[in-house]
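> Coordinates in structure.cif, mmCIF, C-alpha atoms, are listed below.
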```cif
data_run
loop_
_atom_site.group_PDB
_atom_site.id
_atom_site.type_symbol
_atom_site.label_atom_id
_atom_site.label_comp_id
_atom_site.auth_asym_id
_atom_site.auth_seq_id
_atom_site.Cartn_x
_atom_site.Cartn_y
_atom_site.Cartn_z
ATOM 1 C CA MET A 1 0.000 0.000 0.000
ATOM 2 C CA ARG A 2 1.237 3.479 -0.899
ATOM 3 C CA GLU A 3 2.363 5.767 1.919
ATOM 4 C CA TYR A 4 0.527 9.082 1.844
ATOM 5 C CA ARG A 5 1.791 12.335 3.329
ATOM 6 C CA ILE A 6 0.120 15.591 4.353
ATOM 7 C CA LYS A 7 2.372 18.508 5.257
ATOM 8 C CA VAL A 8 0.921 21.460 7.183
ATOM 9 C CA VAL A 9 2.592 24.829 6.646
ATOM 10 C CA PRO A 10 1.519 27.435 9.252
ATOM 11 C CA VAL A 11 1.826 31.152 8.491
ATOM 12 C CA ASN A 12 1.433 33.431 11.531
ATOM 13 C CA ILE A 13 -0.595 30.678 13.229
ATOM 14 C CA PRO A 14 0.268 29.696 16.809
ATOM 15 C CA THR A 15 1.949 26.301 17.034
ATOM 16 C CA SER A 16 -0.655 25.223 19.591
ATOM 17 C CA THR A 17 -3.451 25.805 17.057
ATOM 18 C CA VAL A 18 -1.702 23.650 14.467
ATOM 19 C CA HIS A 19 -0.953 20.830 16.899
ATOM 20 C CA ASN A 20 -4.551 20.885 18.175
ATOM 21 C CA PHE A 21 -6.017 20.010 14.784
ATOM 22 C CA LEU A 22 -3.403 17.463 13.637
ATOM 23 C CA PRO A 23 -5.131 14.611 15.529
ATOM 24 C CA TYR A 24 -8.282 15.234 13.456
ATOM 25 C CA LEU A 25 -6.314 14.721 10.245
ATOM 26 C CA GLU A 26 -4.669 11.591 11.643
ATOM 27 C CA LYS A 27 -8.077 10.228 12.631
ATOM 28 C CA ILE A 28 -9.516 10.703 9.128
ATOM 29 C CA PHE A 29 -6.508 9.997 6.907
ATOM 30 C CA ARG A 30 -4.125 7.074 6.921
ATOM 31 C CA ALA A 31 -1.233 9.406 6.127
ATOM 32 C CA GLN A 32 1.932 10.713 7.676
ATOM 33 C CA VAL A 33 0.938 14.183 8.886
ATOM 34 C CA SER A 34 3.738 16.623 9.635
ATOM 35 C CA VAL A 35 4.249 20.327 10.273
ATOM 36 C CA GLU A 36 6.693 22.416 8.269
ATOM 37 C CA GLU A 37 9.043 23.781 10.906
ATOM 38 C CA LYS A 38 10.931 26.208 8.644
ATOM 39 C CA ILE A 39 10.188 29.916 8.760
ATOM 40 C CA PHE A 40 7.676 30.828 6.066
ATOM 41 C CA PRO A 41 8.872 33.624 3.756
ATOM 42 C CA ILE A 42 6.520 36.509 4.550
ATOM 43 C CA SER A 43 7.587 38.061 1.241
ATOM 44 C CA LEU A 44 5.196 35.609 -0.479
ATOM 45 C CA LEU A 45 2.297 37.105 1.489
ATOM 46 C CA ILE A 46 3.439 40.657 0.805
ATOM 47 C CA GLU A 47 3.723 39.953 -2.936
ATOM 48 C CA SER A 48 0.193 38.481 -2.907
ATOM 49 C CA PHE A 49 -1.397 41.274 -0.872
ATOM 50 C CA ASN A 50 -3.808 43.600 -2.664
ATOM 51 C CA GLU A 51 -3.336 46.960 -0.952
ATOM 52 C CA GLU A 52 -6.543 48.386 -2.416
ATOM 53 C CA ARG A 53 -8.702 45.535 -1.074
ATOM 54 C CA LYS A 54 -6.632 44.984 2.099
ATOM 55 C CA GLN A 55 -6.790 41.254 1.348
ATOM 56 C CA ILE A 56 -4.547 38.521 0.027
ATOM 57 C CA ASP A 57 -5.075 37.507 -3.591
ATOM 58 C CA ALA A 58 -5.600 33.781 -2.929
ATOM 59 C CA GLU A 59 -4.914 32.675 -6.505
ATOM 60 C CA LYS A 60 -1.654 34.632 -6.641
ATOM 61 C CA LEU A 61 -0.491 33.176 -3.323
ATOM 62 C CA LEU A 62 -1.465 29.655 -4.403
ATOM 63 C CA LEU A 63 0.671 29.951 -7.549
ATOM 64 C CA LYS A 64 3.636 31.203 -5.497
ATOM 65 C CA LEU A 65 3.268 28.329 -3.033
ATOM 66 C CA ILE A 66 3.062 25.759 -5.831
ATOM 67 C CA GLU A 67 6.356 27.149 -7.200
ATOM 68 C CA ARG A 68 7.995 26.973 -3.763
ATOM 69 C CA TYR A 69 6.635 23.684 -2.400
ATOM 70 C CA HIS A 70 6.730 20.806 -4.844
ATOM 71 C CA THR A 71 4.621 17.727 -4.217
ATOM 72 C CA SER A 72 4.339 14.323 -5.780
ATOM 73 C CA LEU A 73 1.512 11.831 -6.146
ATOM 74 C CA GLY A 74 0.117 10.966 -2.709
ATOM 75 C CA ASN A 75 1.682 14.011 -1.038
ATOM 76 C CA TRP A 76 -0.289 17.153 -0.261
ATOM 77 C CA ILE A 77 0.391 20.489 1.395
ATOM 78 C CA ILE A 78 -2.123 22.462 3.400
ATOM 79 C CA THR A 79 -1.077 25.998 4.284
ATOM 80 C CA LEU A 80 -2.806 27.788 7.156
ATOM 81 C CA VAL A 81 -2.626 31.552 6.800
ATOM 82 C CA GLU A 82 -3.701 34.068 9.429
ATOM 83 C CA GLY A 83 -5.220 36.484 6.955
ATOM 84 C CA ASP A 84 -8.190 37.466 4.836
ATOM 85 C CA ALA A 85 -8.263 36.521 1.156
ATOM 86 C CA TYR A 86 -10.312 36.780 -2.005
ATOM 87 C CA VAL A 87 -10.482 35.425 -5.534
ATOM 88 C CA LYS A 88 -11.708 37.349 -8.553
ATOM 89 C CA GLY A 89 -15.497 37.546 -8.434
ATOM 90 C CA LEU A 90 -15.864 36.885 -4.689
ATOM 91 C CA ASN A 91 -15.612 39.235 -1.705
ATOM 92 C CA PHE A 92 -13.673 36.644 0.281
ATOM 93 C CA VAL A 93 -12.754 32.970 0.458
ATOM 94 C CA PHE A 94 -12.122 30.659 3.383
ATOM 95 C CA GLY A 95 -9.680 28.697 1.262
ATOM 96 C CA ILE A 96 -8.415 27.662 -2.144
ATOM 97 C CA ALA A 97 -6.896 24.459 -3.505
ATOM 98 C CA LYS A 98 -5.257 22.862 -6.509
ATOM 99 C CA GLN A 99 -5.969 19.246 -7.341
ATOM 100 C CA GLY A 100 -2.934 17.060 -6.766
ATOM 101 C CA TRP A 101 -1.019 19.739 -4.839
ATOM 102 C CA GLY A 102 -2.929 20.869 -1.745
ATOM 103 C CA GLY A 103 -4.516 24.063 -0.552
ATOM 104 C CA ILE A 104 -4.596 27.140 1.622
ATOM 105 C CA VAL A 105 -6.992 27.927 4.465
ATOM 106 C CA PHE A 106 -7.329 31.565 5.498
ATOM 107 C CA THR A 107 -8.260 31.707 9.186
ATOM 108 C CA TYR A 108 -9.224 35.361 9.684
ATOM 109 C CA ARG A 109 -12.933 34.896 8.891
ATOM 110 C CA LEU A 110 -13.103 31.648 10.888
ATOM 111 C CA LYS A 111 -12.655 33.482 14.206
ATOM 112 C CA PRO A 112 -15.887 33.927 16.215
ATOM 113 C CA GLU A 113 -14.837 37.394 17.403
ATOM 114 C CA ILE A 114 -14.927 38.694 13.803
ATOM 115 C CA TYR A 115 -18.710 38.230 13.980
ATOM 116 C CA GLY A 116 -19.155 39.933 17.355
ATOM 117 C CA ASP A 117 -18.935 36.725 19.388
ATOM 118 C CA TYR A 118 -16.411 36.141 22.152
ATOM 119 C CA PRO A 119 -13.341 33.988 21.395
ATOM 120 C CA ARG A 120 -14.412 30.336 21.404
ATOM 121 C CA PRO A 121 -11.392 28.096 20.791
ATOM 122 C CA SER A 122 -13.432 24.923 20.173
ATOM 123 C CA LEU A 123 -15.636 26.628 17.554
ATOM 124 C CA TYR A 124 -12.587 28.203 15.912
ATOM 125 C CA MET A 125 -10.851 24.806 15.807
ATOM 126 C CA SER A 126 -13.940 23.120 14.357
ATOM 127 C CA ARG A 127 -14.065 25.712 11.590
ATOM 128 C CA ILE A 128 -10.374 25.271 10.797
ATOM 129 C CA VAL A 129 -10.739 21.488 10.622
ATOM 130 C CA LYS A 130 -13.756 21.759 8.300
ATOM 131 C CA GLU A 131 -11.990 24.114 5.936
ATOM 132 C CA VAL A 132 -8.771 22.061 5.972
ATOM 133 C CA LEU A 133 -10.780 18.926 5.117
ATOM 134 C CA HIS A 134 -12.668 20.874 2.437
ATOM 135 C CA GLU A 135 -9.503 22.135 0.736
ATOM 136 C CA LEU A 136 -7.838 18.722 1.045
ATOM 137 C CA GLY A 137 -10.949 17.276 -0.581
ATOM 138 C CA HIS A 138 -10.428 19.563 -3.576
ATOM 139 C CA ALA A 139 -6.734 18.600 -3.638
ATOM 140 C CA LEU A 140 -7.838 14.951 -3.736
ATOM 141 C CA GLY A 141 -10.076 15.639 -6.720
ATOM 142 C CA LEU A 142 -13.463 16.248 -5.108
ATOM 143 C CA GLY A 143 -15.781 19.013 -6.261
ATOM 144 C CA HIS A 144 -18.413 20.759 -4.188
ATOM 145 C CA CYS A 145 -21.059 18.387 -2.844
ATOM 146 C CA LEU A 146 -24.779 18.934 -2.340
ATOM 147 C CA ASN A 147 -25.030 16.323 0.430
ATOM 148 C CA HIS A 148 -24.586 16.970 4.160
ATOM 149 C CA CYS A 149 -20.824 16.928 3.688
ATOM 150 C CA VAL A 150 -17.677 18.870 4.497
ATOM 151 C CA MET A 151 -17.360 19.403 0.716
ATOM 152 C CA ARG A 152 -20.498 21.533 0.636
ATOM 153 C CA PHE A 153 -19.753 25.072 -0.604
ATOM 154 C CA SER A 154 -19.631 27.697 2.168
ATOM 155 C CA ASN A 155 -20.780 31.149 1.153
ATOM 156 C CA ASN A 156 -20.629 32.452 4.740
ATOM 157 C CA ILE A 157 -19.677 31.401 8.268
ATOM 158 C CA ILE A 158 -23.140 29.960 8.966
ATOM 159 C CA ASP A 159 -22.611 27.561 6.052
ATOM 160 C CA VAL A 160 -19.275 26.517 7.597
ATOM 161 C CA ASP A 161 -20.906 25.941 10.990
ATOM 162 C CA ASN A 162 -23.752 23.912 9.467
ATOM 163 C CA LYS A 163 -21.634 21.408 7.563
ATOM 164 C CA PRO A 164 -20.249 18.301 9.278
ATOM 165 C CA VAL A 165 -16.594 17.537 9.992
ATOM 166 C CA ILE A 166 -16.667 14.525 7.677
ATOM 167 C CA TYR A 167 -16.999 13.542 4.043
ATOM 168 C CA CYS A 168 -20.348 12.076 2.985
ATOM 169 C CA GLN A 169 -20.618 8.482 1.754
ATOM 170 C CA ARG A 170 -20.368 9.521 -1.917
ATOM 171 C CA CYS A 171 -17.233 11.626 -1.340
ATOM 172 C CA ARG A 172 -15.606 8.904 0.789
ATOM 173 C CA LEU A 173 -16.198 6.376 -2.012
ATOM 174 C CA GLU A 174 -14.642 8.751 -4.531
ATOM 175 C CA ILE A 175 -11.540 9.304 -2.347
ATOM 176 C CA ARG A 176 -11.211 5.534 -1.846
ATOM 177 C CA ARG A 177 -11.482 4.984 -5.594
ATOM 178 C CA ILE A 178 -8.738 7.507 -6.414
ATOM 179 C CA TYR A 179 -6.502 6.928 -3.352
ATOM 180 C CA PRO A 180 -7.032 3.410 -1.977
ATOM 181 C CA GLY A 181 -6.151 3.130 1.698
ATOM 182 C CA LEU A 182 -5.999 6.879 2.346
ATOM 183 C CA LEU A 183 -9.117 7.108 4.525
ATOM 184 C CA GLU A 184 -9.220 5.700 8.044
ATOM 185 C CA ILE A 185 -13.008 5.906 8.228
#
```
Go ahead and render the structure in this file as structure tokens.

Amino acid sequence: MREYRIKVVPVNIPTSTVHNFLPYLEKIFRAQVSVEEKIFPISLLIESFNEERKQIDAEKLLLKLIERYHTSLGNWIITLVEGDAYVKGLNFVFGIAKQGWGGIVFTYRLKPEIYGDYPRPSLYMSRIVKEVLHELGHALGLGHCLNHCVMRFSNNIIDVDNKPVIYCQRCRLEIRRIYPGLLEI
């Protein structure tokens, strides 16, 4: 059986936050999950920042990350960025991904306090896990799903909160078909 790998690259994210959600990935995926310990070049964020919008251009950053971090079949990268991002045509995105490579999750809009709530670490962590699984799903070849599934499109934070922290039966079957042995559940 092929050995799969998922590398997490944190950008301005506390180490404790990253290490708190790693067990979720290890519970769902039969993969070696690791954290990139090197210092992330902030210049990549600066080059991708749109001063007029005060947001990161997610597509621009994704292209820069793909150039910097090379992957191979069965290896994916998920980058966690403390920041707000957009893609052309949308006011903001929670994340972006490229099939076969990995994805980026932008955590700014996942924080409860952004919506007038008090800081709630468990809710924040749940949102991060959902968006990481969502972007990894795209990296694995899944599209948006209409079922009660983590692959359901999220237009706002309520959509994120309402989707489960798991792939639906159809999406699990698709992952198993493409990457046998990758899923634990």
> For the file shown, report as a count of residues only the outcome of the PyMOL selection byres ((chain A and resi 72-81) around 8) at residue level.
30
> Specify as a VMD selection string each residue included when the PyMOL selection byres ((chain A and resi 55-63) around 10) is applied to this file.
chain A and resid 44 to 54 64 to 68 79 81 83 to 88 91 to 98 101 to 106
> Name the closest residue to Leu110 (chain A) among the candidates A:Leu140, A:Pro164, A:Ile39, A:Ile158; distances are taken between atoms, counting all atoms listed in the file.
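Smallest separation from Leu110 (chain A) among the options: A:Ile158.
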> How many Å separate CA of Glu184 (chain A) from CA of Val33 (chain A)?
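Straight-line distance from CA of Glu184 (chain A) to CA of Val33 (chain A) works out to 13.3 Å.
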> In Å, with one decimal, what is the gap from CA of Asn156 (chain A) to CA of Ser43 (chain A)?
29.0 Å
> Kindly provide, as a PyMOL selection string, the polymer residues lying within 12 Å of (-15.1, 15.3, 9.2), counting all atoms listed in the file and using the coordinates exactly as they appear in the file.
chain A and resi 21+23-29+126-134+136-137+148-152+163-169+171-172+183-185
> Report, as AutoDock Vina command-line options, the axis-aligned box around all atoms of region 110-128 of chain A present in the file, extended by 8 Å on each side; give centre and edge lengths in Å to one decimal place.

```
--center_x -14.8 --center_y 31.5 --center_z 16.5 --size_x 24.8 --size_y 32.8 --size_z 27.4
```
> For a quick check of understanding, using only C-alpha atoms, which of A:Asp161, A:Arg30, A:Arg176, A:Arg170 has the smallest distance to Ser122 (chain A)?
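Ranked by minimum distance to Ser122 (chain A), first place goes to A:Asp161.
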> Quick check, in Å to one decimal: how far apart do CA of Thr17 (chain A) and CA of Ile157 (chain A) lie?
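So the two atoms, CA of Thr17 (chain A) and CA of Ile157 (chain A), lie 19.3 Å apart.
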